[in-house]
Amino acid sequence: MASTLEVVDLVKHFGPVRAVDGVSLTVGVGEVLGLVGESGSGKTTLGQCVTRLVPVTSGQVRIAGRDIAGLSRRALRPLRRQFNIVFQDPSSSLNPRMTVADIIGEPLRLHRIGTAVTRRARINELLDQVGLRTEVGRRYPHELSGGQRQRVSLARALSASPALLVADEPTSALDVSVQASVLNLIGRLQRDIGFACLFITHDLASVEFLAQRVAVMYLGQLVEVADRAELFATPRHPYTQALLSAAPIPDPAVQRTRQRIVLAGDVPSPVDPPPGCRFHTRCPVAVERCAVDVPLLRRVGGSGAQVACHLVADDGSAPDVSAAVPLRLPAARTHARPAPSPGR
Amino acid sequence: MSVGPLLDVEELTVRFRTEDGAVLAVDAASFAMGEGEVLALVGESGCGKSVTALALTGLLPRGAAVSGRIGFAGRDLRGLPERDLRRIRGRDIAYVFQEPMTSLNPVLTVGRQVGEVLRRHQGMGTAAARERAVELLELVGIPLPRRRLGEYPHQLSGGMRQRVMIAMAVACRPRLIIADEPTTALDVTVQAGILDVLRTLRAEIGTAVLLITHDLGVVADIAERVVVMYAGRTIEEAHAEALFARPSHPYTRGLLDAVPNPARHSDGGLREIPGRVPVLASSPDACTFADRCGYADGLCRTRRPAMNRGPAGHQVRCWHPLSVPSTVEA
């Protein structure tokens, strides 16, 4: 299968901090890969390596077949139109002194794409695609709402028609009703234009909505990669199982009957990660081997799912983590308590 | 049988003077909660939920003009002098905020900070306060509590810091904890633990919890009753399960449909609410959601709706509450 992004054994250390420690993944042409993890998992650093916002310690980042991991800034510059990134906070990633049209057109100018006239037409087309009126182009970022600013960020990121868009928590700073419109927009643009997308987030619900495949990261490494439906229906890695069980479902009728796996302890330091499987210190089903042998990410079952766990069998059968921990029901059923009735 | 609700807020109104003119942050909000109840105050940024929480014990800055009645255990907190309010805060009503790092003192040990609450409000001696602090840290699920007493906030993880904050909040067995986005800064696996702690406290101490949040997943997990706020007004109130199953206000319905739900994949896209939350200088004689509502008519734009019992049995502030079952598409 043709891949737009191919990351091979990527390592990024910040001094002693092993933020990303040997990650390999691919994003197919026109595919959305959701990269999920909690704080400190290294997901944001991975996105910064892929877009070369930070130098890579070792490994490969192949975009449209070309390895950009070791390129100098000068050699990288003409290739930058192949990829772009959208950040969490649009108010700090848009230049407050530029108009919206200038912001969106900047990648076109930098890469010397088109003439002034064709660029203007392209800017208007982009404004339309992200659902902003043409006159918004004359405004400045501070005149816009958070949702509109994120639309501007998207238009800028897509203006030079990149093959790959990295979106790092693009909706996390937005209110839920605005979040919905930005998620819908990313989904629609991705289907219409067909770029590949590495969608980085801590929010499982938005990954479930947007991604075709999902990669789960823990302490600098991938623990599981699978198709969306498969990952959410049958999470195999104990960490994935715990993560999915901890994320509340916005429906009390469902949420209050779910069983939860509550993990003990905190995420260990990436300066001195545990030997063997990095999750073994918190894993409810870990055995002796897990503290010694490093589990490799390997294909299991017949579907192409990949898991890094000694306890997941080659046929894909996985330990039931919820059976190994004292179960907690999330909430007692609501008592039929009469609502206090203030006189109104 | 208790005599009346623990907290009874009537017509709470908060106005701010800003450089850009007056802002009406809370517009005649009324709600009540019983002893030991978990009530969620839900809404998006700017709806007035946090301002309401701060107004309850007089924590708003001087420029805020507050009116209405805040009944707590039979007393109106609004008329009380600061000295009395200070005694109530911490002892009867305790707060837990979103970011524990800014609420904890970075240069004092955990033991010193938890102990101080006990010494100040309960008049305990140093040794007794220390022993009680160990019990409290144990109660909120902090491993090796005795060792933690000597540590500083920066040595703890975000989840552990929030547990310390909760330990301080419950030190005096308050009747009400006001938790303003207590898990928003935390990872989901940590959040699950903190929600468990709140549940435990309610079961073991009988503390009522007023949970301020924008996160409908958290509401679905822990709240018994829900009050939805929009542009300063309360717009719907119901038991949690009833609210999610049969939202009556078009805004509540829109909010629920806007959230992706991993339990059921939505192929058709998420529902969007067009427009944005208005910032109001004064209370309009209209429904504040009318401009964004697919059902709005002349009545909605010219007359302010009152809280009334809707078709689903909820309290709802709407001229045209959604019928049951709601099948209408906007």
# chains A, B, ... in the order shown; residues from 1 in each chain; ligands from 1
call {"tool": "residues_around", "arguments": {"residues": "His111 (chain A)", "least_positions_apart": "4", "cutoff": "9 Å", "atoms": "only C-alpha atoms", "output": "compact mmCIF listing (two decimals) with C-alpha atoms, in the first residue's frame"}}
result
# COMPACT_ATOMS: atom_id res chain seq x y z
CA ARG A 77 12.78 24.08 2.71
CA PRO A 78 11.50 23.12 -0.78
CA ARG A 80 8.03 21.76 3.35
CA ARG A 81 5.06 22.30 1.08
CA GLU A 106 1.84 32.91 3.45
CA PRO A 107 2.75 29.32 2.48
CA ALA A 160 -0.04 24.77 -0.51
call {"tool": "interface_residues", "arguments": {"of": "chain B", "to": "chain A", "cutoff": "6 Å", "atoms": "only C-alpha atoms", "output": "list in words"}}
result
Glu44, Asp187, Val188, Thr189, Ala192, Leu216, Gly217, Ala220, Asp221, Glu224, Glu241, Ala258, Pro260, Asn261, Pro262, Gly269, Leu270, Glu272 and Ile273 of chain B
call {"tool": "residues_around", "arguments": {"residues": "Arg225 (chain B)", "least_positions_apart": "6", "cutoff": "6 Å", "atoms": "only C-alpha atoms", "output": "compact mmCIF listing (two decimals) with C-alpha atoms, in the first residue's frame"}}
result
# COMPACT_ATOMS: atom_id res chain seq x y z
CA LEU B 39 -25.40 18.39 41.18
CA ALA B 238 -33.39 17.42 35.38
CA HIS B 239 -32.08 14.16 36.76
CA ALA B 240 -29.00 13.15 34.80
call {"tool": "residues_around", "arguments": {"residues": "region 164-178 of chain B", "least_positions_apart": "6", "cutoff": "6 Å", "atoms": "only C-alpha atoms", "output": "NGL selection string"}}
result
:B and (91-95 or 114 or 136-137 or 207-210)
call {"tool": "residues_around", "arguments": {"residues": "region 312-327 of chain A", "least_positions_apart": "6", "cutoff": "7 Å", "atoms": "only C-alpha atoms", "output": "list in words"}}
result
Arg236, Pro238, Gln259, Arg260, Ile261, Pro284, Val285, Val300 and Gly301 of chain A
call {"tool": "write_last_selection", "arguments": {"atoms": "C-alpha atoms", "output": "JSON list (two decimals), in the first residue's frame"}}
result
[["chain", "number", "residue", "atom", "x", "y", "z"],
["A", 236, "ARG", "CA", -5.96, -5.85, 23.14],
["A", 238, "PRO", "CA", -3.83, -3.84, 28.68],
["A", 259, "GLN", "CA", -16.98, -1.53, 34.33],
["A", 260, "ARG", "CA", -13.82, 0.45, 34.77],
["A", 261, "ILE", "CA", -10.20, -0.50, 35.06],
["A", 284, "PRO", "CA", -2.76, -5.43, 36.26],
["A", 285, "VAL", "CA", -1.88, -8.62, 34.38],
["A", 300, "VAL", "CA", -1.59, -10.43, 15.63],
["A", 301, "GLY", "CA", -4.82, -12.01, 14.43]]
call {"tool": "residues_around", "arguments": {"residues": "region 93-99 of chain A", "least_positions_apart": "3", "cutoff": "10 Å", "atoms": "only C-alpha atoms", "output": "PyMOL selection string"}}
result
chain A and resi 86-90+102-106+136-143+149-150+152-153+156
call {"tool": "closest_residue", "arguments": {"among": "B:Pro250, B:Gly310, B:Pro145, B:Gly68", "to": "Glu10 (chain B)", "atoms": "only C-alpha atoms"}}
result
B:Gly68
call {"tool": "select_by_dssp", "arguments": {"residues": "region 17-185 of chain A", "states": "strand (DSSP E or B)", "output": "MDAnalysis selection string"}}
result
chainID A and resid 17:28 32:36 58:63 66:67 83:86 164:168
call {"tool": "closest_residue", "arguments": {"among": "A:Arg133, A:Arg213, A:Lys43, A:Arg299", "to": "Ala167 (chain A)", "atoms": "only C-alpha atoms"}}
result
A:Lys43
call {"tool": "residues_around", "arguments": {"residues": "region 50-62 of chain A", "least_positions_apart": "4", "cutoff": "7 Å", "atoms": "only C-alpha atoms", "output": "list in words"}}
result
Leu5, Glu6, Val7, Val8, Asp9, Leu10, Val11, Lys12, His13, Leu46, Arg66, Asp67, Ile68, Ala69, Phe83 and Asn84 of chain A
call {"tool": "write_last_selection", "arguments": {"atoms": "N, CA and C atoms", "output": "mmCIF file, in the first residue's frame"}}
result
data_model
loop_
_atom_site.group_PDB
_atom_site.id
_atom_site.type_symbol
_atom_site.label_atom_id
_atom_site.label_comp_id
_atom_site.auth_asym_id
_atom_site.auth_seq_id
_atom_site.Cartn_x
_atom_site.Cartn_y
_atom_site.Cartn_z
ATOM 1 N N LEU A 5 3.067 8.944 4.679
ATOM 2 C CA LEU A 5 4.049 9.100 5.761
ATOM 3 C C LEU A 5 4.515 7.724 6.205
ATOM 4 N N GLU A 6 5.826 7.577 6.301
ATOM 5 C CA GLU A 6 6.368 6.336 6.838
ATOM 6 C C GLU A 6 7.439 6.708 7.860
ATOM 7 N N VAL A 7 7.157 6.407 9.103
ATOM 8 C CA VAL A 7 8.097 6.688 10.181
ATOM 9 C C VAL A 7 8.763 5.371 10.548
ATOM 10 N N VAL A 8 10.106 5.365 10.534
ATOM 11 C CA VAL A 8 10.815 4.121 10.825
ATOM 12 C C VAL A 8 11.744 4.313 12.014
ATOM 13 N N ASP A 9 11.458 3.582 13.076
ATOM 14 C CA ASP A 9 12.317 3.531 14.263
ATOM 15 C C ASP A 9 12.737 4.930 14.743
ATOM 16 N N LEU A 10 11.776 5.802 14.837
ATOM 17 C CA LEU A 10 12.069 7.190 15.186
ATOM 18 C C LEU A 10 12.423 7.333 16.666
ATOM 19 N N VAL A 11 13.503 8.068 16.912
ATOM 20 C CA VAL A 11 13.942 8.336 18.279
ATOM 21 C C VAL A 11 14.128 9.837 18.431
ATOM 22 N N LYS A 12 13.592 10.392 19.518
ATOM 23 C CA LYS A 12 13.852 11.793 19.839
ATOM 24 C C LYS A 12 14.115 11.910 21.330
ATOM 25 N N HIS A 13 15.345 12.281 21.659
ATOM 26 C CA HIS A 13 15.681 12.502 23.063
ATOM 27 C C HIS A 13 15.920 13.986 23.289
ATOM 28 N N LEU A 46 6.317 13.433 18.644
ATOM 29 C CA LEU A 46 6.316 12.681 17.394
ATOM 30 C C LEU A 46 5.819 13.566 16.249
ATOM 31 N N ARG A 66 10.347 10.352 0.496
ATOM 32 C CA ARG A 66 11.627 11.014 0.712
ATOM 33 C C ARG A 66 11.895 11.152 2.213
ATOM 34 N N ASP A 67 13.069 10.675 2.661
ATOM 35 C CA ASP A 67 13.392 10.759 4.084
ATOM 36 C C ASP A 67 13.831 12.173 4.444
ATOM 37 N N ILE A 68 13.080 12.824 5.332
ATOM 38 C CA ILE A 68 13.420 14.198 5.709
ATOM 39 C C ILE A 68 14.093 14.282 7.074
ATOM 40 N N ALA A 69 14.284 13.126 7.732
ATOM 41 C CA ALA A 69 14.762 13.144 9.123
ATOM 42 C C ALA A 69 16.122 13.818 9.248
ATOM 43 N N PHE A 83 4.009 19.027 3.636
ATOM 44 C CA PHE A 83 3.355 18.732 4.924
ATOM 45 C C PHE A 83 3.158 20.029 5.701
ATOM 46 N N ASN A 84 2.172 20.009 6.588
ATOM 47 C CA ASN A 84 1.952 21.165 7.444
ATOM 48 C C ASN A 84 1.273 20.721 8.728
#
call {"tool": "atom_distance", "arguments": {"atom1": "CA of Leu79 (chain A)", "atom2": "CA of Cys49 (chain A)"}}
result
14.6 Å
call {"tool": "select_by_dssp", "arguments": {"residues": "region 145-322 of chain A", "states": "helix (DSSP H, G or I)", "output": "NGL selection string"}}
result
:A and (146-158 or 176-193 or 204-210 or 228-233 or 238-246 or 252-255 or 288-291 or 321-322)
call {"tool": "atom_distance", "arguments": {"atom1": "CA of Thr302 (chain B)", "atom2": "CA of Ala64 (chain B)"}}
result
28.0 Å
call {"tool": "closest_residue", "arguments": {"among": "B:Tyr152, B:Cys287, B:Val42, B:Ala73", "to": "Leu256 (chain B)", "atoms": "only C-alpha atoms"}}
result
B:Val42
call {"tool": "decode", "arguments": {"residues": "region 31-171 of chain A", "atoms": "C-alpha atoms", "output": "tab-separated table (two decimals), in the first residue's frame"}}
result
chain	number	residue	atom	x	y	z
A	31	GLU	CA	-5.87	8.10	5.41
A	32	VAL	CA	-6.51	9.58	8.87
A	33	LEU	CA	-4.40	7.92	11.54
A	34	GLY	CA	-5.39	8.87	15.07
A	35	LEU	CA	-2.43	9.01	17.46
A	36	VAL	CA	-3.71	8.71	21.01
A	37	GLY	CA	-1.88	9.02	24.30
A	38	GLU	CA	-1.91	10.79	27.62
A	39	SER	CA	0.39	13.59	28.76
A	40	GLY	CA	4.01	12.58	28.52
A	41	SER	CA	3.36	9.80	26.01
A	42	GLY	CA	5.44	11.59	23.36
A	43	LYS	CA	2.63	12.06	20.85
A	44	THR	CA	3.20	15.77	20.41
A	45	THR	CA	6.97	15.28	20.07
A	46	LEU	CA	6.32	12.68	17.39
A	47	GLY	CA	4.22	15.22	15.48
A	48	GLN	CA	7.00	17.80	15.83
A	49	CYS	CA	9.56	15.31	14.49
A	50	VAL	CA	7.37	14.41	11.54
A	51	THR	CA	7.07	18.08	10.59
A	52	ARG	CA	10.73	18.67	11.50
A	53	LEU	CA	9.91	21.40	14.00
A	54	VAL	CA	12.53	19.72	16.17
A	55	PRO	CA	15.63	17.86	14.99
A	56	VAL	CA	15.32	14.09	14.99
A	57	THR	CA	17.75	12.06	17.13
A	58	SER	CA	17.65	9.00	14.87
A	59	GLY	CA	15.38	7.05	12.55
A	60	GLN	CA	13.54	7.94	9.35
A	61	VAL	CA	10.63	10.18	8.48
A	62	ARG	CA	9.66	9.43	4.89
A	63	ILE	CA	7.10	11.77	3.40
A	64	ALA	CA	5.94	10.81	-0.09
A	65	GLY	CA	8.96	8.51	-0.28
A	66	ARG	CA	11.63	11.01	0.71
A	67	ASP	CA	13.39	10.76	4.08
A	68	ILE	CA	13.42	14.20	5.71
A	69	ALA	CA	14.76	13.14	9.12
A	70	GLY	CA	18.37	14.06	8.46
A	71	LEU	CA	17.98	16.92	5.98
A	72	SER	CA	19.45	20.33	6.67
A	73	ARG	CA	17.06	23.25	7.00
A	74	ARG	CA	18.08	24.47	3.59
A	75	ALA	CA	17.52	21.10	1.93
A	76	LEU	CA	14.24	20.74	3.77
A	77	ARG	CA	12.78	24.08	2.71
A	78	PRO	CA	11.50	23.12	-0.78
A	79	LEU	CA	9.99	19.94	0.68
A	80	ARG	CA	8.03	21.76	3.35
A	81	ARG	CA	5.06	22.30	1.08
A	82	GLN	CA	4.47	18.54	1.29
A	83	PHE	CA	3.36	18.73	4.92
A	84	ASN	CA	1.95	21.16	7.44
A	85	ILE	CA	0.69	21.26	10.99
A	86	VAL	CA	-2.26	22.67	12.92
A	87	PHE	CA	-1.84	23.32	16.64
A	88	GLN	CA	-4.10	23.25	19.65
A	89	ASP	CA	-4.23	26.96	20.36
A	90	PRO	CA	-4.97	29.00	17.25
A	91	SER	CA	-4.60	32.30	19.10
A	92	SER	CA	-0.91	31.69	19.72
A	93	SER	CA	-0.15	30.17	16.33
A	94	LEU	CA	-1.52	32.97	14.14
A	95	ASN	CA	0.50	36.16	13.65
A	96	PRO	CA	-1.62	38.91	15.27
A	97	ARG	CA	-0.24	41.57	12.92
A	98	MET	CA	-1.20	39.85	9.69
A	99	THR	CA	-4.64	39.81	8.09
A	100	VAL	CA	-6.37	36.49	7.70
A	101	ALA	CA	-5.80	36.56	3.92
A	102	ASP	CA	-2.07	37.18	4.39
A	103	ILE	CA	-1.86	34.38	6.94
A	104	ILE	CA	-3.56	31.91	4.63
A	105	GLY	CA	-1.51	33.03	1.64
A	106	GLU	CA	1.84	32.91	3.45
A	107	PRO	CA	2.75	29.32	2.48
A	108	LEU	CA	1.94	30.18	-1.15
A	109	ARG	CA	4.26	33.18	-1.03
A	110	LEU	CA	7.04	31.32	0.72
A	111	HIS	CA	6.93	28.48	-1.78
A	112	ARG	CA	6.46	30.91	-4.68
A	113	ILE	CA	3.29	29.21	-5.80
A	114	GLY	CA	1.26	31.10	-8.40
A	115	THR	CA	1.02	34.83	-9.06
A	116	ALA	CA	-0.52	37.52	-6.88
A	117	VAL	CA	-3.76	37.12	-8.79
A	118	THR	CA	-3.98	33.33	-8.63
A	119	ARG	CA	-2.94	33.43	-4.97
A	120	ARG	CA	-5.82	35.76	-4.20
A	121	ALA	CA	-8.23	33.40	-5.93
A	122	ARG	CA	-6.74	30.47	-4.01
A	123	ILE	CA	-7.14	32.34	-0.70
A	124	ASN	CA	-10.81	33.01	-1.42
A	125	GLU	CA	-11.31	29.38	-2.39
A	126	LEU	CA	-9.71	28.27	0.90
A	127	LEU	CA	-11.83	30.70	2.94
A	128	ASP	CA	-14.89	29.21	1.30
A	129	GLN	CA	-13.71	25.65	1.93
A	130	VAL	CA	-13.28	26.27	5.65
A	131	GLY	CA	-16.64	28.01	5.88
A	132	LEU	CA	-15.51	31.63	6.25
A	133	ARG	CA	-16.88	34.53	4.22
A	134	THR	CA	-14.50	36.32	1.83
A	135	GLU	CA	-14.56	39.53	3.88
A	136	VAL	CA	-13.10	37.65	6.87
A	137	GLY	CA	-9.86	37.73	4.88
A	138	ARG	CA	-9.47	41.42	5.68
A	139	ARG	CA	-9.76	40.91	9.43
A	140	TYR	CA	-7.11	40.24	12.04
A	141	PRO	CA	-6.99	37.13	14.26
A	142	HIS	CA	-8.09	39.00	17.40
A	143	GLU	CA	-11.37	39.90	15.69
A	144	LEU	CA	-12.26	36.21	15.31
A	145	SER	CA	-13.69	33.62	17.66
A	146	GLY	CA	-11.66	30.55	18.67
A	147	GLY	CA	-13.48	28.36	16.18
A	148	GLN	CA	-12.94	30.84	13.34
A	149	ARG	CA	-9.25	31.09	14.19
A	150	GLN	CA	-8.91	27.33	14.00
A	151	ARG	CA	-10.57	27.47	10.58
A	152	VAL	CA	-7.94	30.01	9.52
A	153	SER	CA	-5.18	27.70	10.82
A	154	LEU	CA	-6.62	24.88	8.75
A	155	ALA	CA	-6.86	27.02	5.63
A	156	ARG	CA	-3.23	28.11	6.04
A	157	ALA	CA	-2.03	24.56	6.63
A	158	LEU	CA	-3.82	23.34	3.51
A	159	SER	CA	-3.09	26.28	1.21
A	160	ALA	CA	-0.04	24.77	-0.51
A	161	SER	CA	-1.94	21.48	-0.98
A	162	PRO	CA	0.25	19.33	1.29
A	163	ALA	CA	0.18	15.56	1.07
A	164	LEU	CA	0.21	15.30	4.85
A	165	LEU	CA	-1.54	17.32	7.54
A	166	VAL	CA	-0.47	16.87	11.15
A	167	ALA	CA	-3.22	18.05	13.51
A	168	ASP	CA	-2.06	18.29	17.13
A	169	GLU	CA	-5.08	18.53	19.49
A	170	PRO	CA	-6.84	20.85	17.02
A	171	THR	CA	-10.08	20.96	19.00
